[in-house]
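Please read the structure below before turning to the comments.
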Amino acid sequence: MSQVGTQPIAEPHAPDFGEPTAQVMGRSPWELFWRRFRQDRVALVGLGFIAVLMLVAISAPLIARFVAHHGPNELNTNLTDAIGLPAVGPSKAYWLGVDTVGRDVFVRTVYGARTSLTVAFVATGLAVTLGIVLGTLAGFFGGWVDTLVSRVMDIVLSLPVLLLALGISAACSIKATGCLAGLVQPGVPLVIEIIALFTWPYIGRIVRGQVLSLREKEFVEAARSQGFTNPAIMFREILPNLAASIIVYTTLIIPSNIIFEASLSFLGIGIPFTTPSWGRMISDAAGNQLYTAAWWMLLAPGVALVMTTLAFNLVGDGLRDALDPRTGG
Amino acid sequence: MGCATRWTQGREDELGGEEVGQDEAWIHESTGFDKGRMKERGEVVTTKRTAKLLALVAVLAVLATACGGEGEGGESETPSVEVTQGGTYRTSAEDFGFTGAFDPTGEYLGSAWGLYTSLLLRNLVTYKHVGGVEGDDIVPDIAESWETSADGLTWTFHLKSGVEWGPPLNRDVTSADVEYAFERINAKSLAAQYGYYYTGVIEGMTGQEKAIKPVSGIETPDDSTIIFHLVAPTGDLLYRLAMPATAPMPKEVAGCFKRAGEYGRYVMSSGPYMIKGQDELDVSSCDTLEPISGFDPTKYIVFVRNPNYDPATDESREANVDGVVITINTNTEDIYNKVLAGELDGTGYPAGEPPAPILRQYLTDPELEDKLKIDSGDRTWYIFMNLLVPPFDDIHVRKAVNFVIDKAALQKAWGGPSHGEIATSIEPPTVLATTAEYDPYATPNHEGDVQAAMDEMKQSKYDADGDGVCDADVCDGVLMINRNYPPFSDMSPVIQDNLAQIGINIKVRELDSSTAYTTDQTVENLIPIAANAGWGKDYADPSTFAVLFLESGISCTGQVNYSEVGMTQAQAEECNVIDAWNAATSNGQNPLPNVDEKFTECNAALGDARTTCWTEFDQYLMEEVVPWAPYLWATVLSTLSDSVTKYEFDQFAGTISYSRIAVDNGLDPNTVPVG
């Protein structure tokens, strides 16, 4: 033992961050993400708007009952003039005026949030699930599975969406029970089905591409050598690595689906009039140039639609920046 | 014209329905029904005198109904500007909407009839091309005179001299040309869509001939004489001869086209105008013919003066303008805006209803007041109920619906009184005057009477506890068909709200016009209730509405009797609805009400007896059958720009009267841009 050995070798000092007692802090990816996201004020505003919107949507019946005192389908044809134009604009009793059959535009806009959010979330959920499952299968197994799924995606993406939607909607409207033995019903379910059917390939393609590269990675080989089954590798090893991109794309698909629903309703093939929908309200106001006589019919649903899609897009952008620093921001 | 409401043919409803097929006679023919025109299956034994009497009655009705109404904005008065000559009438339509590709033999669109009878073609006899009841009078056209044999079976027409085909034909119109039109109607391949006005009426006409060949019942002893031999006396033959399919046809051109619709691009003019470019045709052989350049079925049609036309031979057309240009513009609002801006001279060929804000301008701006023309549409808009489908298989439910509907709100949805009077029966008063004062389901201000409806509902088998509200399962989720655009889409919430008050909860399916019609027309669909349909006349006779309720109006895929009035067991079996039929009739023990016999009786009646008979018929339908809840007797609205110095409406065609209007825009139809 030499003299040298009498003093223990000093640990290298951690750099001083101003807190003398601080130690190296392991931050989970979520923490990192949240720290980054938190700094994106625009995204936060978007998130706040969505939160408020959801609150409004959930409490729509309460608002209709206790604030506006009109139901969403309460007609009052006395509030229109002799040629059927709305005679009551924004006023104390009708905050955002009435439409051509005397319904409260404010209440219908509030209820429209329910429709838009429901359709957007459910349809997006369906599309994402479908896209993840099929995309993962295609990317992981390759071969004929990949060929089949990829070709199906190509076909779906090449279909004329609105024409097909028109056709399906017309074909399923003839009988009270809808078509395919009641499986496809015009109205909200049909809209959700159409949207899901046409948006899953967007997620599917991204997932497939990522899985394709990830399946060659060492950790997959390691898992395989440990005897993991294919489903376990796919869903427990590979999929968590895709979470970031899936979340980002989902957030970006939601606003486009809100618009999709609005367009279907605008074309009159979406939601029945008993379920208030922004697209349908805009269509009602635009038809026959009604907005030139009753601007409020267009303003409320229009602004709501723009704000909502904007909010989702901002959040989506914020998420992308926060989850994937390589894209800058 | 004062506040006269005039008669016109259906317009909006003509656009509904699908293209008519070319080979299946009756099934496809009946799709022509929904285009707002009539199908006359039986023989109408009406003398001209009766027709005139009917017309007189109708005049009174028109005055009573139109003048009794509220101030309806525009009046049908001619502007006090002097009638000008020359210029071009420019108008637009969303679509030509032809049902037979503009071949006069098959074409069954009222607006196309307006083009034929005012501009292009001359018949043996024609209408005066004016509005109101006067527009239903028959006047000679190329016929100088005619006589009828004592038994009413032989009609001889003598043709005028000096009526000539336009260039390049440059020859006289002869009796052989008239006969040739009937040869074409008689040929199955040319699909004469209203051929039943002639088949079974003129000897030798079946409409089923495989080739175009002479008709045995028509003689042409010389170039200016034509003799018709009829199967049975036909009092209204003149009406039938005024229809465009019977206008003379030049064999040297029309003979080149043996399939339905083909001749539509080559229609040769015998009238005051021709399609621009007709004179450039090489008619030396069929091979050298090219479609006339002034007509593109998807873009435009241009009419210019026919140099061979001699006004001295014509007492019904004024031919003031130098030409007419119709362009296609799919945007209805844009059409009305262009009329407002003076880029078009007016609407006329069907353009959808004027947008409410634009209508409001016309109704409130004193400068525009006389630019809005309101003419009676001779049309009934209605909600039909299916006698086979619960809960409407119970007459009390159907009556309850008639009571509960807020017709005032529906009228508002259409845009108020200028769009029409509230209908209280099936026949419009302009067709059957006695209906003006008839309202079996009167409610205060036409706003619906829930109590009266409940009282009816109580008597039905679907209200077990007798509280006036349907409590059976069949009243939940009842399918209703409607169109998916205004004013129909504005009616849906009202109807739904109304029916909910008597416990009927409807599920509305909103479709485009044509899909909605084809859906109703298919028996197997068993549509319980629908609000998409309207009906207009072919000519002013109550039979043109009554014909909708005949057994023969039921066909499995092209019916017009949507309510299935009088459906037989055989029909139910054929159309695959026998279960519903058995349920609705207790296996045939309570057959569906049938009006065929009454129809035959009324159709044979003459004079006052005829009016009385049709009145009873109408009342029987409204009170004992109740297939419909009629809500609107519609008008035709047209808007004009400042350039129009004379307005006239064509009663027969239901459009602006091209041969009597005048403009002072100084335009040459040859240079008006059509792109």
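Naming works like this for the structure tokens: A, B, ... for the chains as they're shown, residue 1 at the start of each chain, ligands 1 onward in shown order.
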
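Backbone DSSP over region 567-651 of chain B gives strand (DSSP E or B) for Trp628, Ala629, Pro630, Tyr631, Leu632, Trp633, Ala634, Thr635, Val636, Leu637, Ser638, Thr639, Leu640, Val644, Thr645, Lys646, Phe649 and Asp650 of chain B.
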
Could those residues be written to a file, using N, CA and C atoms, as a PDB file, in the first residue's frame?
```
ATOM      1  N   TRP B 628    -103.098  11.688 -49.373  1.00  0.00           N
ATOM      2  CA  TRP B 628    -102.160  12.806 -49.298  1.00  0.00           C
ATOM      3  C   TRP B 628    -102.531  13.760 -48.162  1.00  0.00           C
ATOM      4  N   ALA B 629    -101.536  14.536 -47.764  1.00  0.00           N
ATOM      5  CA  ALA B 629    -101.796  15.786 -47.062  1.00  0.00           C
ATOM      6  C   ALA B 629    -101.253  16.877 -47.983  1.00  0.00           C
ATOM      7  N   PRO B 630    -102.088  17.404 -48.902  1.00  0.00           N
ATOM      8  CA  PRO B 630    -101.600  18.442 -49.821  1.00  0.00           C
ATOM      9  C   PRO B 630    -101.336  19.724 -49.039  1.00  0.00           C
ATOM     10  N   TYR B 631    -100.272  20.460 -49.401  1.00  0.00           N
ATOM     11  CA  TYR B 631     -99.985  21.668 -48.618  1.00  0.00           C
ATOM     12  C   TYR B 631     -99.761  22.921 -49.438  1.00  0.00           C
ATOM     13  N   LEU B 632     -99.462  22.790 -50.731  1.00  0.00           N
ATOM     14  CA  LEU B 632     -99.179  24.027 -51.474  1.00  0.00           C
ATOM     15  C   LEU B 632     -99.607  23.900 -52.936  1.00  0.00           C
ATOM     16  N   TRP B 633    -100.335  24.910 -53.406  1.00  0.00           N
ATOM     17  CA  TRP B 633    -100.622  25.020 -54.827  1.00  0.00           C
ATOM     18  C   TRP B 633     -99.632  26.047 -55.359  1.00  0.00           C
ATOM     19  N   ALA B 634     -98.647  25.564 -56.055  1.00  0.00           N
ATOM     20  CA  ALA B 634     -97.489  26.410 -56.292  1.00  0.00           C
ATOM     21  C   ALA B 634     -97.628  27.327 -57.497  1.00  0.00           C
ATOM     22  N   THR B 635     -96.878  28.406 -57.422  1.00  0.00           N
ATOM     23  CA  THR B 635     -96.795  29.348 -58.529  1.00  0.00           C
ATOM     24  C   THR B 635     -95.463  29.139 -59.260  1.00  0.00           C
ATOM     25  N   VAL B 636     -95.336  29.811 -60.383  1.00  0.00           N
ATOM     26  CA  VAL B 636     -94.049  29.878 -61.056  1.00  0.00           C
ATOM     27  C   VAL B 636     -93.561  31.315 -60.914  1.00  0.00           C
ATOM     28  N   LEU B 637     -92.364  31.487 -60.377  1.00  0.00           N
ATOM     29  CA  LEU B 637     -91.813  32.834 -60.218  1.00  0.00           C
ATOM     30  C   LEU B 637     -90.778  33.075 -61.304  1.00  0.00           C
ATOM     31  N   SER B 638     -90.879  34.202 -61.961  1.00  0.00           N
ATOM     32  CA  SER B 638     -89.839  34.578 -62.914  1.00  0.00           C
ATOM     33  C   SER B 638     -89.369  35.970 -62.557  1.00  0.00           C
ATOM     34  N   THR B 639     -88.099  36.229 -62.803  1.00  0.00           N
ATOM     35  CA  THR B 639     -87.597  37.594 -62.617  1.00  0.00           C
ATOM     36  C   THR B 639     -87.111  38.104 -63.962  1.00  0.00           C
ATOM     37  N   LEU B 640     -87.239  39.402 -64.151  1.00  0.00           N
ATOM     38  CA  LEU B 640     -86.862  40.015 -65.423  1.00  0.00           C
ATOM     39  C   LEU B 640     -85.884  41.135 -65.171  1.00  0.00           C
ATOM     40  N   VAL B 644     -86.418  43.891 -70.633  1.00  0.00           N
ATOM     41  CA  VAL B 644     -87.647  43.268 -71.136  1.00  0.00           C
ATOM     42  C   VAL B 644     -88.743  44.325 -71.251  1.00  0.00           C
ATOM     43  N   THR B 645     -89.243  44.529 -72.452  1.00  0.00           N
ATOM     44  CA  THR B 645     -90.279  45.537 -72.651  1.00  0.00           C
ATOM     45  C   THR B 645     -91.664  44.916 -72.727  1.00  0.00           C
ATOM     46  N   LYS B 646     -91.711  43.602 -72.888  1.00  0.00           N
ATOM     47  CA  LYS B 646     -93.007  42.941 -72.841  1.00  0.00           C
ATOM     48  C   LYS B 646     -92.818  41.552 -72.248  1.00  0.00           C
ATOM     49  N   PHE B 649     -96.433  35.021 -70.363  1.00  0.00           N
ATOM     50  CA  PHE B 649     -96.197  33.681 -69.837  1.00  0.00           C
ATOM     51  C   PHE B 649     -96.883  32.685 -70.759  1.00  0.00           C
ATOM     52  N   ASP B 650     -96.243  31.552 -70.998  1.00  0.00           N
ATOM     53  CA  ASP B 650     -96.867  30.525 -71.835  1.00  0.00           C
ATOM     54  C   ASP B 650     -97.548  29.503 -70.938  1.00  0.00           C
TER      55      ASP B 650
END
```

Q: Please identify all polymer residues within 8 Å of Leu264 (chain A), counting only C-alpha atoms, omitting same-chain residues fewer than 4 positions from it, and present them as a PyMOL selection string.
A: chain A and resi 162+165+191+260+268-271+279

Q | Proximal residues of chain B relative to chain A (only C-alpha atoms; 6 Å) as a count of residues only | A | 8

Q: Write out as number ranges by chain which residues come within 8 Å of region 342-351 of chain B when counting only C-alpha atoms, dropping same-chain ones fewer than 5 positions away.
A: B: 11-12, 89-94, 111, 326, 332, 335-336, 638-644, 655-656, 663

Q) What gap, in Å, lies between CA of Ser150 (chain A) and CA of Ala138 (chain A)? A)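 Between these atoms lies a distance of 7.4 Å.
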
Skipping near chain neighbours, those fewer than 4 positions away, what residues fall within 6 Å of region 42-53 of chain A using only C-alpha atoms, listed as a compact mmCIF listing (two decimals) with N, CA and C atoms, in the first residue's frame?
```txt
# COMPACT_ATOMS: atom_id res chain seq x y z
N ALA A 311 -57.35 25.02 -33.14
CA ALA A 311 -56.85 24.58 -31.84
C ALA A 311 -56.20 23.21 -31.95
N LEU A 314 -52.89 23.47 -33.73
CA LEU A 314 -51.84 24.06 -32.90
C LEU A 314 -51.32 23.05 -31.90
N VAL A 315 -52.23 22.33 -31.28
CA VAL A 315 -51.80 21.32 -30.32
C VAL A 315 -50.98 20.25 -31.03
N GLY A 318 -47.60 21.55 -31.67
CA GLY A 318 -46.87 21.61 -30.40
C GLY A 318 -46.39 20.22 -30.01
```

Q. Excluding same-chain residues fewer than 5 positions from Thr250 (chain A), what lies within 9 Å of it counting only C-alpha atoms, as a list in words?
A.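 Counting only the stated atoms, we get Thr124, Gly125, Val128, Ile203, Ser245 and Gly316 of chain A.
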
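Residues within 7 Å of region 389-398 of chain B, counting only C-alpha atoms and excluding same-chain residues fewer than 3 positions away, are Met385, Asn386, Val401, Asn402, Glu456, Met457, Gln459, Ser460, Val474, Cys475, Leu526, Pro528, Ala580, Ala584 and Val626 of chain B.
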
Just N, CA and C atoms for this one: save the residues we selected as a compact mmCIF listing (two decimals), in the first residue's frame.
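The resulting file, selection_36.txt, is reproduced below:
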```txt
# COMPACT_ATOMS: atom_id res chain seq x y z
N MET B 385 -98.94 9.45 -48.03
CA MET B 385 -98.85 8.40 -47.02
C MET B 385 -99.21 7.08 -47.68
N ASN B 386 -98.54 6.02 -47.28
CA ASN B 386 -98.70 4.73 -47.92
C ASN B 386 -99.77 3.91 -47.21
N VAL B 401 -102.94 13.22 -39.58
CA VAL B 401 -101.79 13.90 -40.19
C VAL B 401 -102.27 15.15 -40.92
N ASN B 402 -103.37 15.03 -41.65
CA ASN B 402 -103.90 16.20 -42.35
C ASN B 402 -104.24 17.34 -41.40
N GLU B 456 -108.85 12.41 -34.04
CA GLU B 456 -108.78 11.38 -35.07
C GLU B 456 -107.92 10.21 -34.61
N MET B 457 -106.80 10.56 -34.03
CA MET B 457 -105.88 9.51 -33.58
C MET B 457 -106.54 8.57 -32.58
N GLN B 459 -109.42 7.49 -32.57
CA GLN B 459 -110.26 6.49 -33.21
C GLN B 459 -109.44 5.43 -33.94
N SER B 460 -108.14 5.60 -33.96
CA SER B 460 -107.33 4.66 -34.72
C SER B 460 -106.97 3.47 -33.85
N VAL B 474 -95.21 0.86 -34.01
CA VAL B 474 -95.06 1.22 -35.43
C VAL B 474 -94.93 2.72 -35.63
N CYS B 475 -95.27 3.51 -34.61
CA CYS B 475 -95.17 4.96 -34.75
C CYS B 475 -93.77 5.48 -34.44
N LEU B 526 -91.73 0.31 -49.94
CA LEU B 526 -92.77 0.56 -48.94
C LEU B 526 -92.50 1.84 -48.14
N PRO B 528 -93.22 4.78 -46.12
CA PRO B 528 -94.45 5.08 -45.36
C PRO B 528 -94.98 6.49 -45.65
N ALA B 580 -97.15 -7.08 -46.63
CA ALA B 580 -97.70 -5.79 -46.21
C ALA B 580 -99.14 -5.66 -46.68
N ALA B 584 -102.38 -5.11 -44.36
CA ALA B 584 -103.18 -3.89 -44.46
C ALA B 584 -104.62 -4.19 -44.85
N VAL B 626 -107.89 9.50 -48.38
CA VAL B 626 -106.85 10.28 -47.70
C VAL B 626 -105.42 9.80 -48.00
```

Q.
Residues near region 549-554 of chain B, anyone? I mean within 8 Å using only C-alpha atoms, not counting same-chain ones fewer than 2 positions away, as a list of chain:residue names.
A.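 So the residues in contact are B:Ser30, B:Val523, B:Ala546, B:Val547, B:Cys556, B:Gly558, B:Gln559, B:Val560, B:Asn561, B:Tyr562, B:Ser563, B:Glu564, B:Val565, B:Gly566, B:Met567, B:Thr568, B:Gln571, B:Asn594, B:Val595, B:Asp596.
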
Q: Could you check which of A:Val156, A:Ala322, A:Val110, A:Leu299 is closest to Ile63 (chain A), using only C-alpha atoms?
A: A:Val110

Q: Once DSSP has gone over the backbone, tell me which residues of region 127-358 of chain B are in helix (DSSP H, G or I), as a PyMOL selection string.
A: chain B and resi 133-136+175-186+188-190+195-197+237-241+244-246+251-254+262-265+278-280+286-288+311-313+332-341+356-358

Q: For CA of Asp95 (chain B) and CA of Thr515 (chain B), determine how far apart the two atoms are, in Å to one decimal place.
A: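 Between these atoms lies a distance of 16.8 Å.
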
Q | Å distance separating CA of Thr117 (chain B) from CA of Thr199 (chain B), one decimal place | A | 22.0 Å

(Q) I'd like to know which of A:Leu319, A:Val56, A:Ile168, A:Ala286 is closest to Gln185 (chain A), using only C-alpha atoms. (A) A:Ile168

Q: Pick out the closest residue to Pro86 (chain A) from this set: A:Ala285, A:Asp317, A:Glu237, A:His70. Count only C-alpha atoms.
A: A:Ala285
